[in-house]
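**Student:** As input, take structure-v3.csv (CSV, C-alpha atoms):
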```csv
chain,number,residue,atom,x,y,z
K,1256,MET,CA,-29.3,72.8,105.9
K,1257,LYS,CA,-28.3,72.2,109.5
K,1258,THR,CA,-24.9,73.6,110.4
K,1259,LYS,CA,-25.0,74.2,114.2
K,1260,GLY,CA,-22.9,71.9,116.2
K,1261,ASN,CA,-21.4,70.3,113.1
K,1262,ARG,CA,-17.9,69.8,114.5
K,1263,THR,CA,-19.0,68.0,117.7
K,1264,GLU,CA,-21.7,66.1,115.7
K,1265,ARG,CA,-19.0,64.7,113.5
K,1266,GLU,CA,-16.9,63.8,116.5
K,1267,LEU,CA,-19.8,61.7,117.9
K,1268,PHE,CA,-20.4,60.3,114.4
K,1269,HIS,CA,-16.9,58.8,114.3
K,1270,LEU,CA,-17.1,57.6,117.9
K,1271,PHE,CA,-20.0,55.3,116.9
K,1272,TRP,CA,-18.2,54.0,113.8
K,1273,ASP,CA,-15.1,53.3,115.9
K,1274,ASN,CA,-17.2,51.3,118.3
K,1275,GLY,CA,-18.8,49.0,115.6
K,1276,TRP,CA,-22.0,50.9,115.1
K,1277,ALA,CA,-23.4,52.1,111.8
K,1278,ILE,CA,-24.5,55.7,111.8
K,1279,VAL,CA,-25.8,58.4,109.5
K,1280,ARG,CA,-25.8,62.2,109.8
K,1281,SER,CA,-29.2,63.6,108.8
K,1282,ALA,CA,-29.3,66.1,105.9
K,1283,GLY,CA,-32.4,67.6,107.6
K,1284,SER,CA,-35.7,67.7,105.8
K,1285,GLY,CA,-34.9,70.7,103.7
K,1286,SER,CA,-37.7,73.3,103.4
K,1287,THR,CA,-40.2,71.0,105.0
K,1288,PRO,CA,-41.1,71.0,108.7
K,1289,LEU,CA,-40.6,67.2,109.1
K,1290,PRO,CA,-38.6,66.2,112.1
K,1291,ALA,CA,-35.1,64.8,111.8
K,1292,PRO,CA,-32.5,63.8,114.5
K,1293,ASP,CA,-28.9,65.0,114.0
K,1294,LEU,CA,-27.7,61.4,114.1
K,1295,LEU,CA,-29.3,58.0,113.7
K,1296,ALA,CA,-27.2,55.1,114.9
K,1297,GLY,CA,-27.9,51.4,114.7
K,1298,LYS,CA,-26.5,48.1,115.8
K,1299,GLU,CA,-28.3,44.7,115.9
K,1300,ASN,CA,-31.6,45.4,117.6
K,1301,ARG,CA,-31.0,48.9,118.8
K,1302,THR,CA,-31.6,52.2,117.0
K,1303,LEU,CA,-30.7,55.5,118.6
K,1304,ALA,CA,-32.0,58.9,117.4
K,1305,ILE,CA,-29.7,61.6,118.8
K,1306,GLU,CA,-29.9,65.4,119.0
K,1307,CYS,CA,-26.5,66.9,119.7
K,1308,LYS,CA,-25.8,70.0,121.7
K,1309,SER,CA,-22.5,71.5,122.8
K,1310,ILE,CA,-22.1,73.8,125.7
K,1311,LYS,CA,-19.0,75.9,126.3
K,1312,LYS,CA,-19.9,77.0,129.9
K,1313,GLY,CA,-22.9,77.7,132.1
K,1314,LYS,CA,-26.3,76.7,130.8
K,1315,ARG,CA,-28.0,76.4,127.5
K,1316,TYR,CA,-31.6,76.3,126.7
K,1317,LEU,CA,-33.4,74.1,124.3
K,1318,ASN,CA,-36.9,74.8,122.9
K,1319,LYS,CA,-39.3,72.1,124.1
K,1320,GLU,CA,-41.2,72.0,120.8
K,1321,ASP,CA,-38.0,71.6,118.8
K,1322,PHE,CA,-36.9,68.7,121.0
K,1323,ASP,CA,-40.3,67.1,121.1
K,1324,GLN,CA,-39.9,66.6,117.3
K,1325,LEU,CA,-37.0,64.2,118.1
K,1326,VAL,CA,-39.3,62.2,120.4
K,1327,THR,CA,-42.0,62.0,117.8
K,1328,PHE,CA,-39.5,60.9,115.2
K,1329,ALA,CA,-38.0,58.3,117.4
K,1330,SER,CA,-41.3,56.9,118.4
K,1331,LEU,CA,-42.4,56.6,114.8
K,1332,PHE,CA,-39.1,55.2,113.6
K,1333,GLY,CA,-38.9,52.6,116.4
K,1334,ALA,CA,-35.8,54.2,117.9
K,1335,GLU,CA,-34.6,55.4,121.3
K,1336,ALA,CA,-34.5,59.2,121.7
K,1337,TRP,CA,-31.4,60.7,123.3
K,1338,LEU,CA,-29.9,64.1,123.8
K,1339,GLY,CA,-26.2,64.1,123.4
K,1340,ILE,CA,-24.4,66.8,125.3
K,1341,ARG,CA,-20.7,67.8,124.9
K,1342,PHE,CA,-20.0,70.1,127.8
K,1343,ASN,CA,-16.7,72.0,127.3
K,1344,ASN,CA,-13.9,69.5,127.8
K,1345,LEU,CA,-15.9,66.7,129.3
K,1346,GLU,CA,-16.6,63.5,127.3
K,1347,TRP,CA,-20.0,63.1,125.7
K,1348,HIS,CA,-22.9,62.5,128.0
K,1349,PHE,CA,-26.4,61.3,127.1
K,1350,VAL,CA,-29.7,62.2,128.7
K,1351,LYS,CA,-33.2,60.8,128.1
K,1352,PRO,CA,-36.0,63.2,127.2
K,1353,GLU,CA,-37.9,62.3,130.4
K,1354,ASP,CA,-34.9,63.4,132.5
K,1355,LEU,CA,-34.9,67.0,131.2
K,1356,GLU,CA,-36.2,69.9,133.3
K,1357,LEU,CA,-38.6,72.4,131.9
K,1358,THR,CA,-38.5,76.1,132.6
K,1359,LYS,CA,-41.6,78.2,133.0
K,1360,SER,CA,-41.1,79.6,129.5
K,1361,ASN,CA,-41.2,76.0,128.1
K,1362,ASN,CA,-37.5,75.5,127.5
K,1363,TYR,CA,-35.3,72.6,128.6
K,1364,ILE,CA,-32.2,73.6,130.7
K,1365,LEU,CA,-29.0,71.9,129.6
K,1366,SER,CA,-26.3,72.3,132.2
K,1367,LEU,CA,-23.3,70.6,133.9
K,1368,ASN,CA,-25.7,69.8,136.8
K,1369,LEU,CA,-28.0,67.9,134.4
K,1370,ILE,CA,-25.1,65.9,133.0
K,1371,LYS,CA,-23.9,65.0,136.5
K,1372,ASN,CA,-27.3,64.0,137.9
K,1373,LYS,CA,-28.9,62.3,134.9
K,1374,GLY,CA,-26.3,61.8,132.2
K,1375,ILE,CA,-24.6,58.6,131.1
K,1376,THR,CA,-21.4,58.3,129.2
K,1377,PHE,CA,-20.9,56.9,125.7
K,1378,ASP,CA,-19.7,53.6,127.0
K,1379,LYS,CA,-22.9,53.1,129.0
K,1380,LEU,CA,-25.1,54.3,126.2
K,1381,ILE,CA,-23.8,51.6,123.8
K,1382,LYS,CA,-23.9,48.8,126.3
H,1101,MET,CA,-21.8,66.2,99.6
H,1102,LYS,CA,-24.1,63.9,97.6
H,1103,THR,CA,-26.2,65.7,95.0
H,1104,LYS,CA,-27.0,63.1,92.4
H,1105,GLY,CA,-30.6,62.0,92.2
H,1106,ASN,CA,-31.6,64.6,94.8
H,1107,ARG,CA,-35.0,65.3,93.3
H,1108,THR,CA,-36.2,61.7,93.0
H,1109,GLU,CA,-34.7,61.0,96.4
H,1110,ARG,CA,-36.8,63.8,98.0
H,1111,GLU,CA,-39.9,62.4,96.2
H,1112,LEU,CA,-39.3,59.0,97.9
H,1113,PHE,CA,-38.5,60.7,101.2
H,1114,HIS,CA,-42.0,62.3,101.2
H,1115,LEU,CA,-43.7,59.1,100.0
H,1116,PHE,CA,-42.5,57.4,103.2
H,1117,TRP,CA,-43.6,60.2,105.5
H,1118,ASP,CA,-47.0,60.3,103.7
H,1119,ASN,CA,-47.4,56.6,104.5
H,1120,GLY,CA,-46.6,56.8,108.2
H,1121,TRP,CA,-42.9,56.0,108.2
H,1122,ALA,CA,-40.2,58.1,109.7
H,1123,ILE,CA,-37.2,58.7,107.4
H,1124,VAL,CA,-33.9,60.6,107.2
H,1125,ARG,CA,-31.9,61.6,104.2
H,1126,SER,CA,-28.2,61.0,104.8
H,1127,ALA,CA,-25.8,63.9,104.7
H,1128,GLY,CA,-23.2,61.5,103.5
H,1129,SER,CA,-20.0,60.9,105.5
H,1130,GLY,CA,-18.2,64.0,104.3
H,1131,SER,CA,-14.6,63.5,103.4
H,1132,THR,CA,-14.4,60.0,105.0
H,1133,PRO,CA,-15.0,56.8,103.1
H,1134,LEU,CA,-17.6,55.5,105.5
H,1135,PRO,CA,-20.7,54.0,103.9
H,1136,ALA,CA,-24.0,55.8,104.0
H,1137,PRO,CA,-27.4,55.0,102.3
H,1138,ASP,CA,-29.3,57.8,100.6
H,1139,LEU,CA,-32.3,57.1,102.8
H,1140,LEU,CA,-32.9,55.4,106.1
H,1141,ALA,CA,-36.6,54.6,106.8
H,1142,GLY,CA,-38.1,53.1,109.9
H,1143,LYS,CA,-41.4,51.9,111.3
H,1144,GLU,CA,-42.0,49.6,114.2
H,1145,ASN,CA,-39.6,46.7,113.8
H,1146,ARG,CA,-38.4,47.4,110.3
H,1147,THR,CA,-35.6,49.6,109.1
H,1148,LEU,CA,-34.8,50.1,105.4
H,1149,ALA,CA,-31.5,51.4,104.1
H,1150,ILE,CA,-32.1,52.6,100.5
H,1151,GLU,CA,-29.9,53.7,97.7
H,1152,CYS,CA,-31.8,55.6,95.1
H,1153,LYS,CA,-31.2,55.6,91.3
H,1154,SER,CA,-33.2,57.3,88.6
H,1155,ILE,CA,-33.1,56.1,84.9
H,1156,LYS,CA,-34.4,58.1,82.1
H,1157,LYS,CA,-34.2,55.4,79.5
H,1158,GLY,CA,-32.3,52.2,78.5
H,1159,LYS,CA,-29.9,50.9,81.1
H,1160,ARG,CA,-27.7,52.3,83.8
H,1161,TYR,CA,-24.7,50.8,85.5
H,1162,LEU,CA,-23.9,50.8,89.2
H,1163,ASN,CA,-20.5,50.0,90.5
H,1164,LYS,CA,-20.5,46.9,92.6
H,1165,GLU,CA,-18.1,48.2,95.2
H,1166,ASP,CA,-20.2,51.3,95.7
H,1167,PHE,CA,-23.3,49.3,96.2
H,1168,ASP,CA,-21.7,46.8,98.4
H,1169,GLN,CA,-21.2,49.6,100.9
H,1170,LEU,CA,-24.9,49.8,101.3
H,1171,VAL,CA,-25.1,46.1,102.1
H,1172,THR,CA,-22.3,46.5,104.6
H,1173,PHE,CA,-24.0,49.5,106.2
H,1174,ALA,CA,-27.4,47.7,106.4
H,1175,SER,CA,-25.9,44.6,107.9
H,1176,LEU,CA,-24.2,46.6,110.6
H,1177,PHE,CA,-27.1,48.8,111.3
H,1178,GLY,CA,-29.6,46.0,111.5
H,1179,ALA,CA,-31.5,47.2,108.4
H,1180,GLU,CA,-32.8,45.7,105.2
H,1181,ALA,CA,-30.8,46.8,102.1
H,1182,TRP,CA,-32.8,48.0,99.1
H,1183,LEU,CA,-32.1,49.6,95.8
H,1184,GLY,CA,-34.9,52.1,94.8
H,1185,ILE,CA,-35.2,52.7,91.1
H,1186,ARG,CA,-37.3,55.4,89.5
H,1187,PHE,CA,-37.5,54.5,85.8
H,1188,ASN,CA,-38.7,57.4,83.6
H,1189,ASN,CA,-42.4,57.8,84.3
H,1190,LEU,CA,-42.9,54.5,86.2
H,1191,GLU,CA,-43.6,54.5,89.9
H,1192,TRP,CA,-40.8,53.6,92.3
H,1193,HIS,CA,-39.6,50.0,92.2
H,1194,PHE,CA,-37.4,48.2,94.7
H,1195,VAL,CA,-34.9,45.5,94.2
H,1196,LYS,CA,-32.9,43.4,96.7
H,1197,PRO,CA,-29.1,43.3,96.3
H,1198,GLU,CA,-29.2,39.5,95.7
H,1199,ASP,CA,-31.5,40.1,92.7
H,1200,LEU,CA,-29.0,42.3,90.8
H,1201,GLU,CA,-27.1,41.0,87.8
H,1202,LEU,CA,-23.4,41.6,87.5
H,1203,THR,CA,-21.5,42.4,84.3
H,1204,LYS,CA,-18.1,41.0,83.5
H,1205,SER,CA,-16.6,44.4,84.4
H,1206,ASN,CA,-18.1,44.2,87.9
H,1207,ASN,CA,-21.0,46.5,87.5
H,1208,TYR,CA,-24.7,45.9,88.2
H,1209,ILE,CA,-27.1,46.5,85.4
H,1210,LEU,CA,-30.2,48.6,86.2
H,1211,SER,CA,-32.9,48.3,83.5
H,1212,LEU,CA,-36.6,48.2,82.9
H,1213,ASN,CA,-36.1,44.4,82.5
H,1214,LEU,CA,-34.7,44.2,86.1
H,1215,ILE,CA,-37.7,46.2,87.4
H,1216,LYS,CA,-40.2,44.0,85.6
H,1217,ASN,CA,-38.6,40.7,86.7
H,1218,LYS,CA,-37.4,41.4,90.2
H,1219,GLY,CA,-38.8,44.7,91.4
H,1220,ILE,CA,-41.6,45.3,93.9
H,1221,THR,CA,-43.7,48.5,94.2
H,1222,PHE,CA,-43.7,50.9,97.1
H,1223,ASP,CA,-46.9,49.5,98.4
H,1224,LYS,CA,-45.5,46.0,98.6
H,1225,LEU,CA,-42.2,47.2,100.1
H,1226,ILE,CA,-43.9,48.8,103.1
H,1227,LYS,CA,-46.3,45.9,103.8
```
Could I get this file's structure written as structure tokens?
**Tutor:**
Amino acid sequence: MKTKGNRTERELFHLFWDNGWAIVRSAGSGSTPLPAPDLLAGKENRTLAIECKSIKKGKRYLNKEDFDQLVTFASLFGAEAWLGIRFNNLEWHFVKPEDLELTKSNNYILSLNLIKNKGITFDKLIK
Amino acid sequence: MKTKGNRTERELFHLFWDNGWAIVRSAGSGSTPLPAPDLLAGKENRTLAIECKSIKKGKRYLNKEDFDQLVTFASLFGAEAWLGIRFNNLEWHFVKPEDLELTKSNNYILSLNLIKNKGITFDKLIK
């Protein structure tokens, strides 16, 4: 059972509902290695598969293979893949997989810099 | 947290993966009254919101208001609403909301009869 980032995940969950989208939180795939996004939101012809990360300060790293599962899932489902980042007291920002930077040790770097350069806000995401 | 029908729900979850669909099990909406299907499956341009019920024998009743939440969710998400029924040792059958029969006390009746008259198999559902 996934527990990490549960509080911020719920916050985003309600943000979608409050803006007229339907959304589910994934229960994960249990003991199986099948991919599952944290959130799956839909409205009319758009479906968003979202992985949520919160950062208190500085940087955070995300294993490339873990995140690639989201991209695989989204591609199969027919959804857009997004990384949702909640940096400290900033509002939610969203980054596309192709905008992430990879370290030499095969991790993605999540930072304030990434949000500022590549991120879009919730309002832009749902437009 | 939803627990009812977890075993059969997982069975259907894997059936979708095994047939090339992506699927999530919903974690429910926690303490909030927001609607959530048991399963949300997607492939290419189709999204299916599925409520799962298992019946050991005879009939089972389903509260209309509870099920109507699935229809509301599906409509908002842009998904098809389906009721998945696993009757005893039969394979999975799927029924559309409009094919359900209502009792005077505002419940839907799930039965072998319903499956035989209105249900379609998994193979037909995913075609």
**Student:** After a least-squares superposition on chain H using every in-order C-alpha pair, I'd like chain K written out as a PDB file with C-alpha atoms, in the coordinates of the input.
**Tutor:**
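The resulting file, selection.pdb, is shown below:
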```
ATOM      1  CA  MET K1256     -21.953  66.287  99.705  1.00  0.00           C
ATOM      2  CA  LYS K1257     -24.191  63.984  97.702  1.00  0.00           C
ATOM      3  CA  THR K1258     -26.243  65.756  95.060  1.00  0.00           C
ATOM      4  CA  LYS K1259     -27.023  63.091  92.396  1.00  0.00           C
ATOM      5  CA  GLY K1260     -30.562  62.013  92.255  1.00  0.00           C
ATOM      6  CA  ASN K1261     -31.633  64.614  94.806  1.00  0.00           C
ATOM      7  CA  ARG K1262     -35.008  65.411  93.245  1.00  0.00           C
ATOM      8  CA  THR K1263     -36.220  61.781  93.031  1.00  0.00           C
ATOM      9  CA  GLU K1264     -34.636  61.052  96.475  1.00  0.00           C
ATOM     10  CA  ARG K1265     -36.785  63.744  97.966  1.00  0.00           C
ATOM     11  CA  GLU K1266     -39.836  62.413  96.195  1.00  0.00           C
ATOM     12  CA  LEU K1267     -39.290  58.979  97.836  1.00  0.00           C
ATOM     13  CA  PHE K1268     -38.534  60.741 101.137  1.00  0.00           C
ATOM     14  CA  HIS K1269     -42.008  62.302 101.206  1.00  0.00           C
ATOM     15  CA  LEU K1270     -43.682  59.101 100.026  1.00  0.00           C
ATOM     16  CA  PHE K1271     -42.493  57.376 103.237  1.00  0.00           C
ATOM     17  CA  TRP K1272     -43.619  60.254 105.471  1.00  0.00           C
ATOM     18  CA  ASP K1273     -47.028  60.233 103.770  1.00  0.00           C
ATOM     19  CA  ASN K1274     -47.345  56.552 104.493  1.00  0.00           C
ATOM     20  CA  GLY K1275     -46.601  56.834 108.302  1.00  0.00           C
ATOM     21  CA  TRP K1276     -42.935  56.030 108.196  1.00  0.00           C
ATOM     22  CA  ALA K1277     -40.146  58.090 109.702  1.00  0.00           C
ATOM     23  CA  ILE K1278     -37.250  58.713 107.379  1.00  0.00           C
ATOM     24  CA  VAL K1279     -33.993  60.612 107.149  1.00  0.00           C
ATOM     25  CA  ARG K1280     -31.909  61.713 104.153  1.00  0.00           C
ATOM     26  CA  SER K1281     -28.220  60.990 104.778  1.00  0.00           C
ATOM     27  CA  ALA K1282     -25.795  63.953 104.673  1.00  0.00           C
ATOM     28  CA  GLY K1283     -23.128  61.436 103.530  1.00  0.00           C
ATOM     29  CA  SER K1284     -20.008  60.911 105.561  1.00  0.00           C
ATOM     30  CA  GLY K1285     -18.229  63.972 104.329  1.00  0.00           C
ATOM     31  CA  SER K1286     -14.527  63.493 103.460  1.00  0.00           C
ATOM     32  CA  THR K1287     -14.461  60.071 105.005  1.00  0.00           C
ATOM     33  CA  PRO K1288     -14.950  56.812 103.096  1.00  0.00           C
ATOM     34  CA  LEU K1289     -17.633  55.479 105.520  1.00  0.00           C
ATOM     35  CA  PRO K1290     -20.666  54.055 103.855  1.00  0.00           C
ATOM     36  CA  ALA K1291     -24.020  55.799 103.968  1.00  0.00           C
ATOM     37  CA  PRO K1292     -27.412  54.942 102.292  1.00  0.00           C
ATOM     38  CA  ASP K1293     -29.287  57.796 100.565  1.00  0.00           C
ATOM     39  CA  LEU K1294     -32.290  57.157 102.797  1.00  0.00           C
ATOM     40  CA  LEU K1295     -32.903  55.351 106.059  1.00  0.00           C
ATOM     41  CA  ALA K1296     -36.533  54.656 106.838  1.00  0.00           C
ATOM     42  CA  GLY K1297     -38.062  53.114 109.920  1.00  0.00           C
ATOM     43  CA  LYS K1298     -41.360  51.953 111.275  1.00  0.00           C
ATOM     44  CA  GLU K1299     -41.980  49.661 114.304  1.00  0.00           C
ATOM     45  CA  ASN K1300     -39.621  46.751 113.817  1.00  0.00           C
ATOM     46  CA  ARG K1301     -38.447  47.425 110.322  1.00  0.00           C
ATOM     47  CA  THR K1302     -35.533  49.565 109.130  1.00  0.00           C
ATOM     48  CA  LEU K1303     -34.826  50.045 105.451  1.00  0.00           C
ATOM     49  CA  ALA K1304     -31.515  51.372 104.050  1.00  0.00           C
ATOM     50  CA  ILE K1305     -32.148  52.595 100.494  1.00  0.00           C
ATOM     51  CA  GLU K1306     -29.881  53.656  97.621  1.00  0.00           C
ATOM     52  CA  CYS K1307     -31.813  55.611  95.023  1.00  0.00           C
ATOM     53  CA  LYS K1308     -31.196  55.611  91.319  1.00  0.00           C
ATOM     54  CA  SER K1309     -33.178  57.212  88.516  1.00  0.00           C
ATOM     55  CA  ILE K1310     -33.078  56.093  84.967  1.00  0.00           C
ATOM     56  CA  LYS K1311     -34.407  58.159  82.078  1.00  0.00           C
ATOM     57  CA  LYS K1312     -34.233  55.358  79.413  1.00  0.00           C
ATOM     58  CA  GLY K1313     -32.259  52.250  78.535  1.00  0.00           C
ATOM     59  CA  LYS K1314     -29.852  50.913  81.117  1.00  0.00           C
ATOM     60  CA  ARG K1315     -27.696  52.279  83.830  1.00  0.00           C
ATOM     61  CA  TYR K1316     -24.779  50.771  85.512  1.00  0.00           C
ATOM     62  CA  LEU K1317     -23.922  50.750  89.132  1.00  0.00           C
ATOM     63  CA  ASN K1318     -20.432  50.023  90.544  1.00  0.00           C
ATOM     64  CA  LYS K1319     -20.545  46.815  92.591  1.00  0.00           C
ATOM     65  CA  GLU K1320     -18.124  48.136  95.218  1.00  0.00           C
ATOM     66  CA  ASP K1321     -20.140  51.315  95.692  1.00  0.00           C
ATOM     67  CA  PHE K1322     -23.330  49.306  96.193  1.00  0.00           C
ATOM     68  CA  ASP K1323     -21.708  46.723  98.391  1.00  0.00           C
ATOM     69  CA  GLN K1324     -21.097  49.595 100.887  1.00  0.00           C
ATOM     70  CA  LEU K1325     -24.918  49.830 101.280  1.00  0.00           C
ATOM     71  CA  VAL K1326     -25.053  46.109 102.124  1.00  0.00           C
ATOM     72  CA  THR K1327     -22.305  46.416 104.663  1.00  0.00           C
ATOM     73  CA  PHE K1328     -24.004  49.395 106.232  1.00  0.00           C
ATOM     74  CA  ALA K1329     -27.324  47.720 106.384  1.00  0.00           C
ATOM     75  CA  SER K1330     -25.948  44.597 107.869  1.00  0.00           C
ATOM     76  CA  LEU K1331     -24.151  46.529 110.571  1.00  0.00           C
ATOM     77  CA  PHE K1332     -27.069  48.825 111.281  1.00  0.00           C
ATOM     78  CA  GLY K1333     -29.595  45.959 111.487  1.00  0.00           C
ATOM     79  CA  ALA K1334     -31.495  47.184 108.436  1.00  0.00           C
ATOM     80  CA  GLU K1335     -32.789  45.771 105.154  1.00  0.00           C
ATOM     81  CA  ALA K1336     -30.812  46.855 102.068  1.00  0.00           C
ATOM     82  CA  TRP K1337     -32.801  47.971  99.031  1.00  0.00           C
ATOM     83  CA  LEU K1338     -32.143  49.646  95.741  1.00  0.00           C
ATOM     84  CA  GLY K1339     -34.814  52.066  94.813  1.00  0.00           C
ATOM     85  CA  ILE K1340     -35.227  52.631  91.119  1.00  0.00           C
ATOM     86  CA  ARG K1341     -37.324  55.400  89.449  1.00  0.00           C
ATOM     87  CA  PHE K1342     -37.451  54.453  85.805  1.00  0.00           C
ATOM     88  CA  ASN K1343     -38.698  57.380  83.653  1.00  0.00           C
ATOM     89  CA  ASN K1344     -42.406  57.745  84.329  1.00  0.00           C
ATOM     90  CA  LEU K1345     -42.973  54.511  86.147  1.00  0.00           C
ATOM     91  CA  GLU K1346     -43.647  54.476  89.925  1.00  0.00           C
ATOM     92  CA  TRP K1347     -40.801  53.571  92.240  1.00  0.00           C
ATOM     93  CA  HIS K1348     -39.679  49.993  92.236  1.00  0.00           C
ATOM     94  CA  PHE K1349     -37.437  48.234  94.761  1.00  0.00           C
ATOM     95  CA  VAL K1350     -34.932  45.467  94.185  1.00  0.00           C
ATOM     96  CA  LYS K1351     -32.899  43.416  96.680  1.00  0.00           C
ATOM     97  CA  PRO K1352     -29.122  43.312  96.315  1.00  0.00           C
ATOM     98  CA  GLU K1353     -29.213  39.536  95.685  1.00  0.00           C
ATOM     99  CA  ASP K1354     -31.513  40.085  92.681  1.00  0.00           C
ATOM    100  CA  LEU K1355     -29.039  42.302  90.782  1.00  0.00           C
ATOM    101  CA  GLU K1356     -27.057  41.010  87.796  1.00  0.00           C
ATOM    102  CA  LEU K1357     -23.367  41.541  87.527  1.00  0.00           C
ATOM    103  CA  THR K1358     -21.542  42.368  84.337  1.00  0.00           C
ATOM    104  CA  LYS K1359     -18.121  41.024  83.519  1.00  0.00           C
ATOM    105  CA  SER K1360     -16.590  44.393  84.397  1.00  0.00           C
ATOM    106  CA  ASN K1361     -18.137  44.119  87.928  1.00  0.00           C
ATOM    107  CA  ASN K1362     -21.031  46.513  87.489  1.00  0.00           C
ATOM    108  CA  TYR K1363     -24.704  45.950  88.295  1.00  0.00           C
ATOM    109  CA  ILE K1364     -27.138  46.521  85.333  1.00  0.00           C
ATOM    110  CA  LEU K1365     -30.184  48.581  86.238  1.00  0.00           C
ATOM    111  CA  SER K1366     -32.817  48.343  83.551  1.00  0.00           C
ATOM    112  CA  LEU K1367     -36.596  48.213  82.860  1.00  0.00           C
ATOM    113  CA  ASN K1368     -36.157  44.407  82.491  1.00  0.00           C
ATOM    114  CA  LEU K1369     -34.750  44.204  86.046  1.00  0.00           C
ATOM    115  CA  ILE K1370     -37.646  46.210  87.445  1.00  0.00           C
ATOM    116  CA  LYS K1371     -40.175  43.991  85.661  1.00  0.00           C
ATOM    117  CA  ASN K1372     -38.621  40.654  86.644  1.00  0.00           C
ATOM    118  CA  LYS K1373     -37.438  41.366  90.186  1.00  0.00           C
ATOM    119  CA  GLY K1374     -38.837  44.686  91.337  1.00  0.00           C
ATOM    120  CA  ILE K1375     -41.609  45.362  93.827  1.00  0.00           C
ATOM    121  CA  THR K1376     -43.600  48.502  94.167  1.00  0.00           C
ATOM    122  CA  PHE K1377     -43.675  50.895  97.121  1.00  0.00           C
ATOM    123  CA  ASP K1378     -46.885  49.471  98.420  1.00  0.00           C
ATOM    124  CA  LYS K1379     -45.385  45.978  98.614  1.00  0.00           C
ATOM    125  CA  LEU K1380     -42.149  47.208 100.076  1.00  0.00           C
ATOM    126  CA  ILE K1381     -43.921  48.793 103.090  1.00  0.00           C
ATOM    127  CA  LYS K1382     -46.241  45.907 103.717  1.00  0.00           C
TER     128      LYS K1382
END
```
**Student:** Contacts between chain K and chain H, please, where a residue of chain H counts if it comes within 6 Å (with all atoms listed in the file); show its shortest atom pair and distance in Å to one decimal, rows by chain and ascending number, as a Markdown table.
**Tutor:**
```
| residue | atom | partner | partner_atom | distance |
| --- | --- | --- | --- | --- |
| H:Ala1122 | CA | K:Phe1332 | CA | 5.0 |
| H:Val1124 | CA | K:Ser1281 | CA | 5.8 |
| H:Arg1125 | CA | K:Ala1282 | CA | 5.5 |
| H:Ser1126 | CA | K:Ser1281 | CA | 4.9 |
| H:Ala1127 | CA | K:Ala1282 | CA | 4.3 |
| H:Gly1142 | CA | K:Phe1332 | CA | 4.4 |
| H:Lys1143 | CA | K:Phe1332 | CA | 4.6 |
| H:Glu1144 | CA | K:Gly1333 | CA | 4.8 |
| H:Leu1176 | CA | K:Ala1277 | CA | 5.7 |
| H:Phe1177 | CA | K:Gly1297 | CA | 4.4 |
| H:Gly1178 | CA | K:Glu1299 | CA | 4.8 |
```
**Student:** Which residue, H:Phe1187, H:Trp1182, H:Phe1167, H:Tyr1208, has the smallest gap to Leu1225 (chain H) when you use all atoms listed in the file?
**Tutor:**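 Of H:Phe1187, H:Trp1182, H:Phe1167, H:Tyr1208, the one nearest Leu1225 (chain H), counting all atoms listed in the file, is H:Trp1182.
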**Student:** Residues proximal to (-29.6, 76.3, 125.9) were defined as those with any atom within 7 Å of that point in the file's coordinates, counting all atoms listed in the file. Which are they, as a list of chain:residue names?
**Tutor:**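 Nearby residues: K:Lys1314, K:Arg1315, K:Tyr1316, K:Leu1317, K:Ile1364, K:Leu1365.
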**Student:** Can you measure CA of Leu1270 (chain K) to CA of Ser1309 (chain K) for me? One decimal in Å is fine.
**Tutor:** 15.7 Å
**Student:** If we count all atoms listed in the file, what is near Asn1362 (chain K) at a cut-off of 9 Å, once residues fewer than 2 positions away on the same chain are taken out, given as a list in words?
**Tutor:**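 So, after excluding close chain neighbours, the residues are Tyr1316, Leu1317, Asn1318, Lys1319, Glu1320, Glu1356, Leu1357, Thr1358, Lys1359, Ser1360 and Ile1364 of chain K.
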**Student:** Rounded to one decimal place, report the CA of Asp1223 (chain H)-CA of Asp1118 (chain H) distance in Å.
**Tutor:**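 Value for the CA of Asp1223 (chain H)-CA of Asp1118 (chain H) distance: 12.0 Å.
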**Student:** I need the residue nearest Asn1106 (chain H) from this list: H:Ala1181, H:Leu1212, H:Cys1152, H:Val1195. Use all atoms listed in the file for the distance.
**Tutor:**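 Under the stated criterion, the closest residue is H:Cys1152.
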**Student:** What gap, in Å, lies between CA of Asn1188 (chain H) and CA of Gly1158 (chain H)?
**Tutor:**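 Atom-to-atom, CA of Asn1188 (chain H) and CA of Gly1158 (chain H) are spaced 9.7 Å apart.
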